[in-house]
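Chemist: Sharing a structure with you now.
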Amino acid sequence: MATSLNNEEFATKVAGIFDSKDRADNAFSSLSEDKEFEQSNIEIISAHDQRFDEKIEPEDKNIGKTLLKTHLLFGVLGLGVGLIISSVFLFIDVEFMQSFVLETYAGVSTVCIFIALLVAGFVSIRPDHDPLINEVRNATRSGKWVLVVHTDSHKKGNKAKELIKPFATNVTATF
C-alpha cells in the first residue's frame with residue numbers, strides 16, 4: 001500500500017523573475033507551447049501585486065489536509081513507539097518501572113508523541129517554500145514581474161526552469 005503524506009497536487013513550484021512584462025509574457029508563451037504544462041498551472045504576478053500569495057500557494061485546503069494527515073499519522077506512530085519502549089522497560093525488569101507502571105507508560109508515551117509531532121511539523125511545513133516566497137515578495141515590491149509554474153514532479157520543474165531561464169533575471173524553485 002503506497003501512501004503519500006503530501007496532499008498537494010502540484011507541490012513543486014518554479015518562479016522566474018523578470019524585469020518587464022514582455023519578458024514574462026515570452027516565458028509564459030514558451031511554457032504554454034510545451035504540452036507538459038497546463039496554462040492553469042502557470043501564473044503571472046504583476047509588479048507591486050499585493051495578493052501574490054494566492055498565486056504562489058493556491059492549494060490552501062490541501063496544505064491543511066497535509067498538516068492534519070501528517071500530525072495524526074506521526075502522533076499515532078509516536079504513541080505506538082512510546083508503548084513499545086515502555087513495554088520493553090517492563091519486561092526487562094527496570095526497577096523504576098515495577099513501582100510506577102502507569103506513570104512510566106504515560107511519561108514515555110508523551111515524550112514519544114511530542115517528538116513525533118515535531119517531526120510531523122518539519123515534514124509538512126515545507127521549509128523549501130520560504131526562499132521562493134521571499135524572492136517573489138522582494139521582486140514584486142521592487143517592481144519586477146514574476147512567473148510561477150506549479151508542477152507535479154521535479155522532472156517537470158527542471159524543464160520549466162530550462163524554459164524560463166533565457167527570459168528571466170533569476171529562477172528559483174522548491175525541492
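Quick note on naming: the chains in the C-alpha cells go A, B, ... in the order shown, residues restart at 1 in each chain, and ligands are numbered from 1 in order of appearance.
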Please identify the strand (DSSP E) residues within chain A (assignment by DSSP from backbone atoms) and present them as a PDB file with all heavy atoms, in the first residue's frame.

Modeler:
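What landed in out.pdb:
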```
ATOM      1  N   THR A  12       5.607  20.981  -6.464  1.00  0.00           N
ATOM      2  CA  THR A  12       6.841  21.612  -6.933  1.00  0.00           C
ATOM      3  C   THR A  12       6.503  22.934  -7.601  1.00  0.00           C
ATOM      4  O   THR A  12       5.601  23.005  -8.434  1.00  0.00           O
ATOM      5  CB  THR A  12       7.574  20.693  -7.924  1.00  0.00           C
ATOM      6  OG1 THR A  12       7.845  19.449  -7.277  1.00  0.00           O
ATOM      7  CG2 THR A  12       8.875  21.309  -8.394  1.00  0.00           C
ATOM      8  N   LYS A  13       7.221  23.973  -7.215  1.00  0.00           N
ATOM      9  CA  LYS A  13       6.972  25.309  -7.766  1.00  0.00           C
ATOM     10  C   LYS A  13       8.269  25.888  -8.312  1.00  0.00           C
ATOM     11  O   LYS A  13       9.328  25.720  -7.727  1.00  0.00           O
ATOM     12  CB  LYS A  13       6.411  26.223  -6.683  1.00  0.00           C
ATOM     13  CG  LYS A  13       5.033  25.796  -6.201  1.00  0.00           C
ATOM     14  CD  LYS A  13       4.688  26.412  -4.893  1.00  0.00           C
ATOM     15  CE  LYS A  13       3.407  25.934  -4.281  1.00  0.00           C
ATOM     16  NZ  LYS A  13       2.831  24.720  -4.698  1.00  0.00           N
ATOM     17  N   VAL A  14       8.151  26.551  -9.453  1.00  0.00           N
ATOM     18  CA  VAL A  14       9.284  27.226 -10.076  1.00  0.00           C
ATOM     19  C   VAL A  14       8.875  28.671 -10.297  1.00  0.00           C
ATOM     20  O   VAL A  14       7.786  28.938 -10.802  1.00  0.00           O
ATOM     21  CB  VAL A  14       9.665  26.575 -11.428  1.00  0.00           C
ATOM     22  CG1 VAL A  14      10.816  27.318 -12.078  1.00  0.00           C
ATOM     23  CG2 VAL A  14      10.014  25.115 -11.235  1.00  0.00           C
ATOM     24  N   ALA A  15       9.726  29.608  -9.917  1.00  0.00           N
ATOM     25  CA  ALA A  15       9.434  31.027 -10.097  1.00  0.00           C
ATOM     26  C   ALA A  15      10.556  31.687 -10.875  1.00  0.00           C
ATOM     27  O   ALA A  15      11.731  31.511 -10.559  1.00  0.00           O
ATOM     28  CB  ALA A  15       9.256  31.713  -8.749  1.00  0.00           C
ATOM     29  N   GLY A  16      10.170  32.439 -11.888  1.00  0.00           N
ATOM     30  CA  GLY A  16      11.121  33.230 -12.659  1.00  0.00           C
ATOM     31  C   GLY A  16      10.843  34.699 -12.424  1.00  0.00           C
ATOM     32  O   GLY A  16       9.685  35.120 -12.389  1.00  0.00           O
ATOM     33  N   ILE A  17      11.890  35.477 -12.250  1.00  0.00           N
ATOM     34  CA  ILE A  17      11.756  36.922 -12.015  1.00  0.00           C
ATOM     35  C   ILE A  17      12.193  37.646 -13.274  1.00  0.00           C
ATOM     36  O   ILE A  17      13.246  37.342 -13.843  1.00  0.00           O
ATOM     37  CB  ILE A  17      12.596  37.349 -10.800  1.00  0.00           C
ATOM     38  CG1 ILE A  17      12.076  36.608  -9.556  1.00  0.00           C
ATOM     39  CG2 ILE A  17      12.554  38.856 -10.609  1.00  0.00           C
ATOM     40  CD1 ILE A  17      12.926  36.771  -8.337  1.00  0.00           C
ATOM     41  N   PHE A  18      11.374  38.618 -13.693  1.00  0.00           N
ATOM     42  CA  PHE A  18      11.585  39.313 -14.962  1.00  0.00           C
ATOM     43  C   PHE A  18      11.595  40.822 -14.750  1.00  0.00           C
ATOM     44  O   PHE A  18      10.873  41.347 -13.900  1.00  0.00           O
ATOM     45  CB  PHE A  18      10.473  38.941 -15.951  1.00  0.00           C
ATOM     46  CG  PHE A  18      10.337  37.460 -16.155  1.00  0.00           C
ATOM     47  CD1 PHE A  18       9.498  36.709 -15.354  1.00  0.00           C
ATOM     48  CD2 PHE A  18      11.062  36.813 -17.137  1.00  0.00           C
ATOM     49  CE1 PHE A  18       9.375  35.342 -15.525  1.00  0.00           C
ATOM     50  CE2 PHE A  18      10.953  35.452 -17.315  1.00  0.00           C
ATOM     51  CZ  PHE A  18      10.105  34.709 -16.506  1.00  0.00           C
ATOM     52  N   ILE A  42       0.150  27.948 -14.593  1.00  0.00           N
ATOM     53  CA  ILE A  42       1.159  28.986 -14.800  1.00  0.00           C
ATOM     54  C   ILE A  42       0.531  30.323 -14.426  1.00  0.00           C
ATOM     55  O   ILE A  42      -0.521  30.694 -14.939  1.00  0.00           O
ATOM     56  CB  ILE A  42       1.625  29.033 -16.278  1.00  0.00           C
ATOM     57  CG1 ILE A  42       2.107  27.655 -16.733  1.00  0.00           C
ATOM     58  CG2 ILE A  42       2.719  30.071 -16.452  1.00  0.00           C
ATOM     59  CD1 ILE A  42       2.331  27.557 -18.237  1.00  0.00           C
ATOM     60  N   GLU A  43       1.150  31.026 -13.503  1.00  0.00           N
ATOM     61  CA  GLU A  43       0.619  32.303 -13.023  1.00  0.00           C
ATOM     62  C   GLU A  43       1.635  33.413 -13.269  1.00  0.00           C
ATOM     63  O   GLU A  43       2.819  33.248 -12.989  1.00  0.00           O
ATOM     64  CB  GLU A  43       0.347  32.240 -11.515  1.00  0.00           C
ATOM     65  CG  GLU A  43      -0.689  31.237 -11.095  1.00  0.00           C
ATOM     66  CD  GLU A  43      -2.107  31.722 -11.313  1.00  0.00           C
ATOM     67  OE1 GLU A  43      -2.299  32.924 -11.571  1.00  0.00           O
ATOM     68  OE2 GLU A  43      -3.016  30.882 -11.230  1.00  0.00           O
ATOM     69  N   ILE A  44       1.140  34.541 -13.777  1.00  0.00           N
ATOM     70  CA  ILE A  44       1.985  35.729 -13.900  1.00  0.00           C
ATOM     71  C   ILE A  44       1.587  36.678 -12.780  1.00  0.00           C
ATOM     72  O   ILE A  44       0.411  36.998 -12.611  1.00  0.00           O
ATOM     73  CB  ILE A  44       1.829  36.418 -15.269  1.00  0.00           C
ATOM     74  CG1 ILE A  44       2.367  35.510 -16.370  1.00  0.00           C
ATOM     75  CG2 ILE A  44       2.553  37.754 -15.269  1.00  0.00           C
ATOM     76  CD1 ILE A  44       2.306  36.107 -17.754  1.00  0.00           C
ATOM     77  N   ILE A  45       2.588  37.087 -12.022  1.00  0.00           N
ATOM     78  CA  ILE A  45       2.360  38.023 -10.917  1.00  0.00           C
ATOM     79  C   ILE A  45       2.924  39.373 -11.337  1.00  0.00           C
ATOM     80  O   ILE A  45       4.114  39.503 -11.624  1.00  0.00           O
ATOM     81  CB  ILE A  45       3.039  37.525  -9.626  1.00  0.00           C
ATOM     82  CG1 ILE A  45       2.497  36.132  -9.264  1.00  0.00           C
ATOM     83  CG2 ILE A  45       2.821  38.511  -8.492  1.00  0.00           C
ATOM     84  CD1 ILE A  45       3.232  35.469  -8.130  1.00  0.00           C
ATOM     85  N   TRP A 145       8.354  41.614 -12.483  1.00  0.00           N
ATOM     86  CA  TRP A 145       7.284  40.672 -12.796  1.00  0.00           C
ATOM     87  C   TRP A 145       7.770  39.271 -12.458  1.00  0.00           C
ATOM     88  O   TRP A 145       8.956  38.965 -12.566  1.00  0.00           O
ATOM     89  CB  TRP A 145       6.919  40.770 -14.276  1.00  0.00           C
ATOM     90  CG  TRP A 145       6.203  42.033 -14.591  1.00  0.00           C
ATOM     91  CD1 TRP A 145       6.751  43.283 -14.674  1.00  0.00           C
ATOM     92  CD2 TRP A 145       4.820  42.189 -14.833  1.00  0.00           C
ATOM     93  NE1 TRP A 145       5.785  44.208 -14.955  1.00  0.00           N
ATOM     94  CE2 TRP A 145       4.582  43.553 -15.061  1.00  0.00           C
ATOM     95  CE3 TRP A 145       3.746  41.307 -14.886  1.00  0.00           C
ATOM     96  CZ2 TRP A 145       3.315  44.060 -15.335  1.00  0.00           C
ATOM     97  CZ3 TRP A 145       2.487  41.803 -15.162  1.00  0.00           C
ATOM     98  CH2 TRP A 145       2.281  43.168 -15.382  1.00  0.00           C
ATOM     99  N   VAL A 146       6.844  38.408 -12.074  1.00  0.00           N
ATOM    100  CA  VAL A 146       7.189  37.041 -11.685  1.00  0.00           C
ATOM    101  C   VAL A 146       6.252  36.069 -12.387  1.00  0.00           C
ATOM    102  O   VAL A 146       5.059  36.332 -12.534  1.00  0.00           O
ATOM    103  CB  VAL A 146       7.070  36.849 -10.149  1.00  0.00           C
ATOM    104  CG1 VAL A 146       7.393  35.426  -9.755  1.00  0.00           C
ATOM    105  CG2 VAL A 146       7.963  37.824  -9.412  1.00  0.00           C
ATOM    106  N   LEU A 147       6.813  34.963 -12.828  1.00  0.00           N
ATOM    107  CA  LEU A 147       6.024  33.879 -13.409  1.00  0.00           C
ATOM    108  C   LEU A 147       6.222  32.655 -12.519  1.00  0.00           C
ATOM    109  O   LEU A 147       7.351  32.270 -12.236  1.00  0.00           O
ATOM    110  CB  LEU A 147       6.502  33.585 -14.830  1.00  0.00           C
ATOM    111  CG  LEU A 147       5.732  32.477 -15.527  1.00  0.00           C
ATOM    112  CD1 LEU A 147       5.052  33.045 -16.772  1.00  0.00           C
ATOM    113  CD2 LEU A 147       6.660  31.375 -15.926  1.00  0.00           C
ATOM    114  N   VAL A 148       5.119  32.072 -12.033  1.00  0.00           N
ATOM    115  CA  VAL A 148       5.177  30.909 -11.158  1.00  0.00           C
ATOM    116  C   VAL A 148       4.550  29.728 -11.883  1.00  0.00           C
ATOM    117  O   VAL A 148       3.446  29.831 -12.417  1.00  0.00           O
ATOM    118  CB  VAL A 148       4.437  31.162  -9.828  1.00  0.00           C
ATOM    119  CG1 VAL A 148       4.470  29.923  -8.950  1.00  0.00           C
ATOM    120  CG2 VAL A 148       5.037  32.334  -9.096  1.00  0.00           C
ATOM    121  N   VAL A 149       5.269  28.607 -11.891  1.00  0.00           N
ATOM    122  CA  VAL A 149       4.784  27.384 -12.524  1.00  0.00           C
ATOM    123  C   VAL A 149       4.598  26.333 -11.434  1.00  0.00           C
ATOM    124  O   VAL A 149       5.513  26.080 -10.650  1.00  0.00           O
ATOM    125  CB  VAL A 149       5.793  26.853 -13.571  1.00  0.00           C
ATOM    126  CG1 VAL A 149       5.246  25.633 -14.273  1.00  0.00           C
ATOM    127  CG2 VAL A 149       6.149  27.938 -14.565  1.00  0.00           C
ATOM    128  N   HIS A 150       3.410  25.738 -11.388  1.00  0.00           N
ATOM    129  CA  HIS A 150       3.115  24.669 -10.441  1.00  0.00           C
ATOM    130  C   HIS A 150       3.188  23.347 -11.199  1.00  0.00           C
ATOM    131  O   HIS A 150       2.479  23.165 -12.191  1.00  0.00           O
ATOM    132  CB  HIS A 150       1.710  24.846  -9.851  1.00  0.00           C
ATOM    133  CG  HIS A 150       1.517  26.163  -9.191  1.00  0.00           C
ATOM    134  ND1 HIS A 150       1.864  26.387  -7.888  1.00  0.00           N
ATOM    135  CD2 HIS A 150       1.031  27.336  -9.656  1.00  0.00           C
ATOM    136  CE1 HIS A 150       1.592  27.638  -7.572  1.00  0.00           C
ATOM    137  NE2 HIS A 150       1.097  28.238  -8.628  1.00  0.00           N
ATOM    138  N   THR A 151       4.045  22.442 -10.738  1.00  0.00           N
ATOM    139  CA  THR A 151       4.195  21.152 -11.409  1.00  0.00           C
ATOM    140  C   THR A 151       3.993  20.016 -10.410  1.00  0.00           C
ATOM    141  O   THR A 151       4.074  20.216  -9.203  1.00  0.00           O
ATOM    142  CB  THR A 151       5.583  21.004 -12.057  1.00  0.00           C
ATOM    143  OG1 THR A 151       6.568  20.967 -11.037  1.00  0.00           O
ATOM    144  CG2 THR A 151       5.871  22.137 -13.022  1.00  0.00           C
ATOM    145  N   ASN A 170      16.341  35.876 -12.804  1.00  0.00           N
ATOM    146  CA  ASN A 170      16.613  34.926 -11.741  1.00  0.00           C
ATOM    147  C   ASN A 170      15.519  33.852 -11.749  1.00  0.00           C
ATOM    148  O   ASN A 170      14.349  34.143 -12.005  1.00  0.00           O
ATOM    149  CB  ASN A 170      16.621  35.639 -10.384  1.00  0.00           C
ATOM    150  CG  ASN A 170      17.092  34.747  -9.263  1.00  0.00           C
ATOM    151  OD1 ASN A 170      17.734  33.726  -9.484  1.00  0.00           O
ATOM    152  ND2 ASN A 170      16.758  35.124  -8.042  1.00  0.00           N
ATOM    153  N   VAL A 171      15.899  32.600 -11.472  1.00  0.00           N
ATOM    154  CA  VAL A 171      14.946  31.491 -11.398  1.00  0.00           C
ATOM    155  C   VAL A 171      15.191  30.758 -10.091  1.00  0.00           C
ATOM    156  O   VAL A 171      16.337  30.472  -9.738  1.00  0.00           O
ATOM    157  CB  VAL A 171      15.101  30.506 -12.579  1.00  0.00           C
ATOM    158  CG1 VAL A 171      14.135  29.353 -12.435  1.00  0.00           C
ATOM    159  CG2 VAL A 171      14.898  31.223 -13.895  1.00  0.00           C
ATOM    160  N   THR A 172      14.129  30.487  -9.362  1.00  0.00           N
ATOM    161  CA  THR A 172      14.217  29.739  -8.114  1.00  0.00           C
ATOM    162  C   THR A 172      13.120  28.680  -8.096  1.00  0.00           C
ATOM    163  O   THR A 172      12.103  28.824  -8.771  1.00  0.00           O
ATOM    164  CB  THR A 172      14.125  30.667  -6.888  1.00  0.00           C
ATOM    165  OG1 THR A 172      14.374  29.924  -5.708  1.00  0.00           O
ATOM    166  CG2 THR A 172      12.782  31.329  -6.803  1.00  0.00           C
ATOM    167  N   ALA A 173      13.348  27.610  -7.315  1.00  0.00           N
ATOM    168  CA  ALA A 173      12.376  26.525  -7.283  1.00  0.00           C
ATOM    169  C   ALA A 173      12.367  25.860  -5.906  1.00  0.00           C
ATOM    170  O   ALA A 173      13.301  26.003  -5.130  1.00  0.00           O
ATOM    171  CB  ALA A 173      12.700  25.487  -8.346  1.00  0.00           C
TER     172      ALA A 173
END
```

Chemist: Please return as number ranges by chain: the residues of stretch 9-157 of chain A that backbone DSSP assigns to helix (DSSP H, G or I).

Modeler: A: 21-33, 39-41, 52-56, 60-91, 95-99, 101-125, 129-141, 154-157

Chemist: Please list as a PyMOL selection string every residue within 7 Å of stretch 114-128 of chain A, counting only C-alpha atoms and excluding residues in the same chain fewer than 3 positions away.

Modeler: chain A and resi 66-67+70-71+74-75+78+110-111+131+174-175

Chemist: Please determine, counting only C-alpha atoms, which residue among A:Asp19, A:Ala168, A:Lys155, A:Ile133 has the shortest atom-to-atom distance to A:Glu54.

Modeler: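 Comparing A:Asp19, A:Ala168, A:Lys155, A:Ile133 against A:Glu54, the winner is A:Ile133.
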
Chemist: Would you list the contacts of A:Ala160 as a list in words, taking every protein, DNA or RNA residue within 8 Å and counting only C-alpha atoms, but skipping same-chain residues closer than 3 positions in sequence?

Modeler: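 Counting only the stated atoms, we get Val14, Leu31, Val149, Lys156, Gly157, Leu163 and Ile164 of chain A.
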
Chemist: Need to verify the contact set: A:Lys144, 10 Å, only C-alpha atoms, exclusion of same-chain residues closer than 6 positions in sequence. Can you return it as a list of chain:residue names?

Modeler: A:Ile17, A:Phe18, A:Asp19, A:Ser20, A:Lys21, A:Ala24, A:Ile45, A:Ser46, A:Ala47, A:His48, A:Asp49, A:Val136, A:Arg137, A:Asn138, A:Thr169

Chemist: Smallest atom-to-atom distance to A:Gly143: which of A:Ser30, A:Gln50, A:Ser99, A:Val108, using only C-alpha atoms?

Modeler: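 Result for the nearest residue to A:Gly143: A:Gln50.
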
Chemist: Quick one: residues within 10 Å of A:Gly82, only C-alpha atoms, excluding same-chain residues fewer than 2 positions away - as a PDB file with N, CA, C and O atoms, in the first residue's frame?

Modeler:
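Output below, filename part00.pdb:
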```pdb
ATOM      1  N   VAL A  76       0.081   9.017  16.144  1.00  0.00           N
ATOM      2  CA  VAL A  76      -0.241   7.611  16.430  1.00  0.00           C
ATOM      3  C   VAL A  76       1.031   6.763  16.441  1.00  0.00           C
ATOM      4  O   VAL A  76       1.203   5.898  17.312  1.00  0.00           O
ATOM      5  N   LEU A  77       1.919   7.007  15.486  1.00  0.00           N
ATOM      6  CA  LEU A  77       3.195   6.270  15.480  1.00  0.00           C
ATOM      7  C   LEU A  77       4.006   6.554  16.736  1.00  0.00           C
ATOM      8  O   LEU A  77       4.615   5.649  17.322  1.00  0.00           O
ATOM      9  N   GLY A  78       4.011   7.797  17.186  1.00  0.00           N
ATOM     10  CA  GLY A  78       4.719   8.162  18.418  1.00  0.00           C
ATOM     11  C   GLY A  78       4.133   7.458  19.629  1.00  0.00           C
ATOM     12  O   GLY A  78       4.866   6.972  20.499  1.00  0.00           O
ATOM     13  N   LEU A  79       2.801   7.383  19.669  1.00  0.00           N
ATOM     14  CA  LEU A  79       2.153   6.660  20.763  1.00  0.00           C
ATOM     15  C   LEU A  79       2.560   5.189  20.743  1.00  0.00           C
ATOM     16  O   LEU A  79       2.900   4.613  21.785  1.00  0.00           O
ATOM     17  N   GLY A  80       2.543   4.587  19.568  1.00  0.00           N
ATOM     18  CA  GLY A  80       2.934   3.179  19.442  1.00  0.00           C
ATOM     19  C   GLY A  80       4.362   2.945  19.895  1.00  0.00           C
ATOM     20  O   GLY A  80       4.646   1.989  20.635  1.00  0.00           O
ATOM     21  N   ILE A  84       5.635   0.702  23.067  1.00  0.00           N
ATOM     22  CA  ILE A  84       6.619  -0.376  22.873  1.00  0.00           C
ATOM     23  C   ILE A  84       7.820  -0.179  23.789  1.00  0.00           C
ATOM     24  O   ILE A  84       8.280  -1.120  24.458  1.00  0.00           O
ATOM     25  N   ILE A  85       8.349   1.029  23.847  1.00  0.00           N
ATOM     26  CA  ILE A  85       9.506   1.303  24.717  1.00  0.00           C
ATOM     27  C   ILE A  85       9.149   1.032  26.181  1.00  0.00           C
ATOM     28  O   ILE A  85       9.914   0.399  26.923  1.00  0.00           O
ATOM     29  N   SER A  86       7.966   1.476  26.607  1.00  0.00           N
ATOM     30  CA  SER A  86       7.540   1.242  27.990  1.00  0.00           C
ATOM     31  C   SER A  86       7.382  -0.254  28.272  1.00  0.00           C
ATOM     32  O   SER A  86       7.750  -0.726  29.357  1.00  0.00           O
ATOM     33  N   SER A  87       6.838  -0.979  27.294  1.00  0.00           N
ATOM     34  CA  SER A  87       6.677  -2.423  27.474  1.00  0.00           C
ATOM     35  C   SER A  87       8.029  -3.122  27.578  1.00  0.00           C
ATOM     36  O   SER A  87       8.200  -4.054  28.374  1.00  0.00           O
ATOM     37  N   VAL A  88       9.004  -2.670  26.813  1.00  0.00           N
ATOM     38  CA  VAL A  88      10.357  -3.233  26.895  1.00  0.00           C
ATOM     39  C   VAL A  88      10.920  -2.971  28.288  1.00  0.00           C
ATOM     40  O   VAL A  88      11.507  -3.866  28.911  1.00  0.00           O
ATOM     41  N   THR A 104       5.177   5.530  34.044  1.00  0.00           N
ATOM     42  CA  THR A 104       6.211   5.306  33.027  1.00  0.00           C
ATOM     43  C   THR A 104       5.578   5.229  31.645  1.00  0.00           C
ATOM     44  O   THR A 104       6.071   5.847  30.692  1.00  0.00           O
ATOM     45  N   TYR A 105       4.497   4.474  31.523  1.00  0.00           N
ATOM     46  CA  TYR A 105       3.811   4.408  30.227  1.00  0.00           C
ATOM     47  C   TYR A 105       3.377   5.800  29.771  1.00  0.00           C
ATOM     48  O   TYR A 105       3.582   6.183  28.613  1.00  0.00           O
ATOM     49  N   ALA A 106       2.781   6.571  30.680  1.00  0.00           N
ATOM     50  CA  ALA A 106       2.303   7.918  30.323  1.00  0.00           C
ATOM     51  C   ALA A 106       3.466   8.841  29.957  1.00  0.00           C
ATOM     52  O   ALA A 106       3.409   9.564  28.954  1.00  0.00           O
ATOM     53  N   GLY A 107       4.518   8.812  30.767  1.00  0.00           N
ATOM     54  CA  GLY A 107       5.652   9.710  30.521  1.00  0.00           C
ATOM     55  C   GLY A 107       6.396   9.394  29.232  1.00  0.00           C
ATOM     56  O   GLY A 107       6.652  10.282  28.407  1.00  0.00           O
ATOM     57  N   VAL A 108       6.729   8.126  29.028  1.00  0.00           N
ATOM     58  CA  VAL A 108       7.476   7.741  27.826  1.00  0.00           C
ATOM     59  C   VAL A 108       6.615   7.969  26.584  1.00  0.00           C
ATOM     60  O   VAL A 108       7.103   8.484  25.563  1.00  0.00           O
ATOM     61  N   SER A 109       5.338   7.625  26.659  1.00  0.00           N
ATOM     62  CA  SER A 109       4.452   7.822  25.503  1.00  0.00           C
ATOM     63  C   SER A 109       4.293   9.301  25.179  1.00  0.00           C
ATOM     64  O   SER A 109       4.279   9.690  24.008  1.00  0.00           O
ATOM     65  N   THR A 110       4.183  10.139  26.208  1.00  0.00           N
ATOM     66  CA  THR A 110       4.050  11.586  25.980  1.00  0.00           C
ATOM     67  C   THR A 110       5.279  12.148  25.272  1.00  0.00           C
ATOM     68  O   THR A 110       5.158  12.932  24.325  1.00  0.00           O
ATOM     69  N   VAL A 111       6.457  11.751  25.741  1.00  0.00           N
ATOM     70  CA  VAL A 111       7.691  12.224  25.112  1.00  0.00           C
ATOM     71  C   VAL A 111       7.768  11.754  23.653  1.00  0.00           C
ATOM     72  O   VAL A 111       8.112  12.531  22.752  1.00  0.00           O
ATOM     73  N   CYS A 112       7.415  10.497  23.401  1.00  0.00           N
ATOM     74  CA  CYS A 112       7.468   9.964  22.032  1.00  0.00           C
ATOM     75  C   CYS A 112       6.456  10.654  21.121  1.00  0.00           C
ATOM     76  O   CYS A 112       6.758  10.962  19.963  1.00  0.00           O
ATOM     77  N   ILE A 113       5.260  10.918  21.639  1.00  0.00           N
ATOM     78  CA  ILE A 113       4.252  11.640  20.846  1.00  0.00           C
ATOM     79  C   ILE A 113       4.750  13.045  20.529  1.00  0.00           C
ATOM     80  O   ILE A 113       4.630  13.521  19.387  1.00  0.00           O
TER      81      ILE A 113
END
```
